[in-house]
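Below is one structure, written out as structure tokens, with a few remarks after it.
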Amino acid sequence: MTVNVMTSKEVTKTVFNNEELFILDVRNASDFNDWKIEGENFEYLNVPYFELLDGVEEIMEEIPTNKKVLVVCAKEGSSVMVAEMLSDAGLNVSYLKGGMKAWSEHLEPVKVGDLNDGGEIYQFVRIGKGCLSYMVLSNGEAAVIDATRMTDIYLDFAENMGAKIKHVIDTHLHADHISGGRTIAEKTDAVYWLPPKDATEVTFDYQPLEDGNDITIGNTTINIAALYSPGHTIGSTSFAVDKKFLISGDILFIDSIGRPDLAGKAEDWVGDLRETLYKRYRELSEELIVLPAHFMIIDELNDDGSVSEKLGALFVKNHGLNIEDENEFRKLVTENLPPQPNAYQEIRETNMGKINPDMDQQREMEIGPNRCAVR
């Protein structure tokens with residue numbers, strides 16, 4: 001039988017559509033347990049490929065014949081081998097093109113709203129890492145916010161939309177993924193904005209992003225208003241876009257809140273985090289639609305695959321916004337921290353311009369799930 005191929009884009013659609021998928025993951029158990037492809041109606045079997053070198057007979061009964069079956073490995077090679085053996089044994093299976101490496105790098109653009117002057121805002125869902133980035137479009141101009149290192153996707157998207165990228169913004173100095181902000185700015189001659197309190201050690205020129213800055217694109221009816229919102233980092237900055245959307249960076253997520261320890265400052269910054277969430281954000285309109293920089297769990301995706309929710313709804317249902325006692329909040333945030341992201345110190349140094357790893361090194365640094373939240 002023929003061995004089929006599924007791309008990351010096709011797998012993303014199965015996630016968005018809540019379709020059934022059976023995944024045979026042939027990576028080591030530790031890699032599988034740390035990070036896997038997640039979907040609401042996915043089933044899994046993890047058998048390291050080296051256990052299948054002599055044949056697949058022992059797992060044949062565990063693989064369904066009435067569901068799509070996808071074989072997954074780190075970079076593709078092992079999954080092709082296993083998929084061919086399963087196919088030779090009579091099963092109809094596919095393998096993931098490019099493996100988990102490709103899954104980690106896939107970005108799926110999803111329109112999340114219209115703006116007052118006919119402009120649009122798109123969310124780029126990095127489904128394998130839980131990262132979210134944005135493009136605001138208006139009258140042939142664009143701003144990109146929290147871009148990943150896969151810069152061609154934003155450049156091609158803007159070109160296809162007939163827009164010139166005029167501004168590139170990072171809400172903070174990222175520690176979980178390598179920013180594509182500087183590269184996009186250099187390629188498009190756009191202004192690169194970065195909060196100065198996060199940029200004390202950077203080695204490049206940037207435009208200081210400070211509270212009250214208005215960044216205008218298209219025409220004067222669309223502005224991206226900066227709101228200083230420290231807590232995840234000392235410089236973290238949110239944005240009110242067109243008075244409709246709140247781009248919250250790594251401060252507030254749909255089902256969790258940002259962690260304050262990725263520069264080793266949990267005890268110092270937890271007070272800033274609380275002030276941002278319980279005071280600064282409380283002064284904003286509850287009708288603002290929150291667009292975060294991450295999601296933690298697949299349940300946070302809306303029906304169309306986007307990640308968003310009204311601020312007022314989060315005040316009601318997000319546990320991190322409903323801890324009245326400040327000492328309890330401090331304890332929860334500082335004592336309940338998940339493992340830190342892989343290579344986060346090296347990622348920070350890359351985003352500062354201190355080191356310049358090649359593309360393979362950058363991929364290796366980012367392997368694994370995002371871990372920017374406290375839940």
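How things are named: the first chain in the structure tokens is A, the next is B, and so on; residues count from 1 in each chain; ligands count from 1 in the order shown.
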Query raised in the report: Got a sec to tell me which of range 226-295 of chain A DSSP assigns to alpha helix (DSSP H), as number ranges by chain?
Result: A: 266-275
Return as a Markdown table the residues of range 115-199 of chain A lying at most 6 Å from range 204-211 of chain A, together with the closest atom-to-atom pair for each and the distance in Å to one decimal, counting only C-alpha atoms, with rows in chain order and ascending residue number.
```
| residue | atom | partner | partner_atom | distance |
| --- | --- | --- | --- | --- |
| A:Tyr192 | CA | A:Tyr206 | CA | 5.5 |
| A:Trp193 | CA | A:Gln207 | CA | 4.7 |
| A:Leu194 | CA | A:Leu209 | CA | 5.1 |
| A:Pro195 | CA | A:Leu209 | CA | 4.5 |
| A:Pro196 | CA | A:Pro208 | CA | 5.3 |
```
Query - Length of the CA of Leu21 in chain A to CA of Val56 in chain A vector [Å] - result: 19.6 Å
Report task. Tell me which of A:Val241, A:Val3, A:Ile165, A:Val333 sits closest to Asn116 in chain A, counting only C-alpha atoms. Result ->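 The answer is A:Val241, which sits nearest to Asn116 in chain A.
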Query raised in the report: Got a sec: who's within 7 Å of Ile234 in chain A, counting only C-alpha atoms, leaving out chain neighbours fewer than 2 positions off, as a list in words?
Result: Lys197, Asp198, Pro230, Gly231, His232 and Ser236 of chain A
Prev. selection, N, CA and C atoms, output as an mmCIF file, in the first residue's frame:
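To be explicit, this is the file written out as again01.cif:
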```cif
data_model
loop_
_atom_site.group_PDB
_atom_site.id
_atom_site.type_symbol
_atom_site.label_atom_id
_atom_site.label_comp_id
_atom_site.auth_asym_id
_atom_site.auth_seq_id
_atom_site.Cartn_x
_atom_site.Cartn_y
_atom_site.Cartn_z
ATOM 1 N N LYS A 197 13.463 49.062 29.117
ATOM 2 C CA LYS A 197 13.836 48.403 30.375
ATOM 3 C C LYS A 197 14.228 46.939 30.151
ATOM 4 N N ASP A 198 13.817 46.378 29.017
ATOM 5 C CA ASP A 198 14.234 45.019 28.650
ATOM 6 C C ASP A 198 15.463 45.036 27.745
ATOM 7 N N PRO A 230 4.455 45.677 33.364
ATOM 8 C CA PRO A 230 5.536 44.795 33.816
ATOM 9 C C PRO A 230 5.020 43.621 34.645
ATOM 10 N N GLY A 231 5.891 42.622 34.797
ATOM 11 C CA GLY A 231 5.543 41.463 35.610
ATOM 12 C C GLY A 231 6.150 40.187 35.062
ATOM 13 N N HIS A 232 5.990 39.968 33.755
ATOM 14 C CA HIS A 232 6.692 38.845 33.123
ATOM 15 C C HIS A 232 8.159 39.215 32.949
ATOM 16 N N SER A 236 7.883 44.580 30.080
ATOM 17 C CA SER A 236 6.705 44.086 29.340
ATOM 18 C C SER A 236 5.698 45.190 29.058
#
```
**Report entry** Test item, strand (DSSP E) assignment across range 179-256 of chain A, answer as a list of chain:residue names
**Finding:**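 After running DSSP on the backbone, range 179-256 of chain A has strand (DSSP E) at A:Val191, A:Tyr192, A:Trp193, A:Leu194, A:Gln207, A:Pro208, A:Asp214, A:Ile215, A:Thr216, A:Asn223, A:Ile224, A:Ala225, A:Ala226, A:Leu227, A:Tyr228, A:Thr237, A:Ser238, A:Phe239, A:Ala240, A:Val241, A:Phe245, A:Leu246, A:Ile247, A:Ser248, A:Gly249.
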Query raised in the report: Looking at A:Asn41, A:Asn160, A:Thr183, A:Asn46, which one is nearest to Asn17 in chain A, with distances taken over only C-alpha atoms?
Result: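 Result for the nearest residue to Asn17 in chain A: A:Asn41.
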Report summary line: Closest of A:Glu267, A:Glu76, A:Asp272, A:Glu38 to Lys97 in chain A, counting only C-alpha atoms, is A:Glu76
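Of the listed residues (A:Met100, A:Leu91, A:Ala293, A:Val5), A:Leu91 comes nearest to Asn66 in chain A; the distances count only C-alpha atoms.
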Query raised in the report: Which value, in Å to one decimal, gives the distance between CA of Lys279 in chain A and CA of Leu337 in chain A?
Result: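 Taking CA of Lys279 in chain A and CA of Leu337 in chain A, their separation equals 22.8 Å.
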Report task. Can you work out which one of A:Lys164, A:Ser256, A:Ser238, A:Ala185 has the shortest atom-to-atom distance to Lys317 in chain A, counting only C-alpha atoms? Result -> A:Ser256
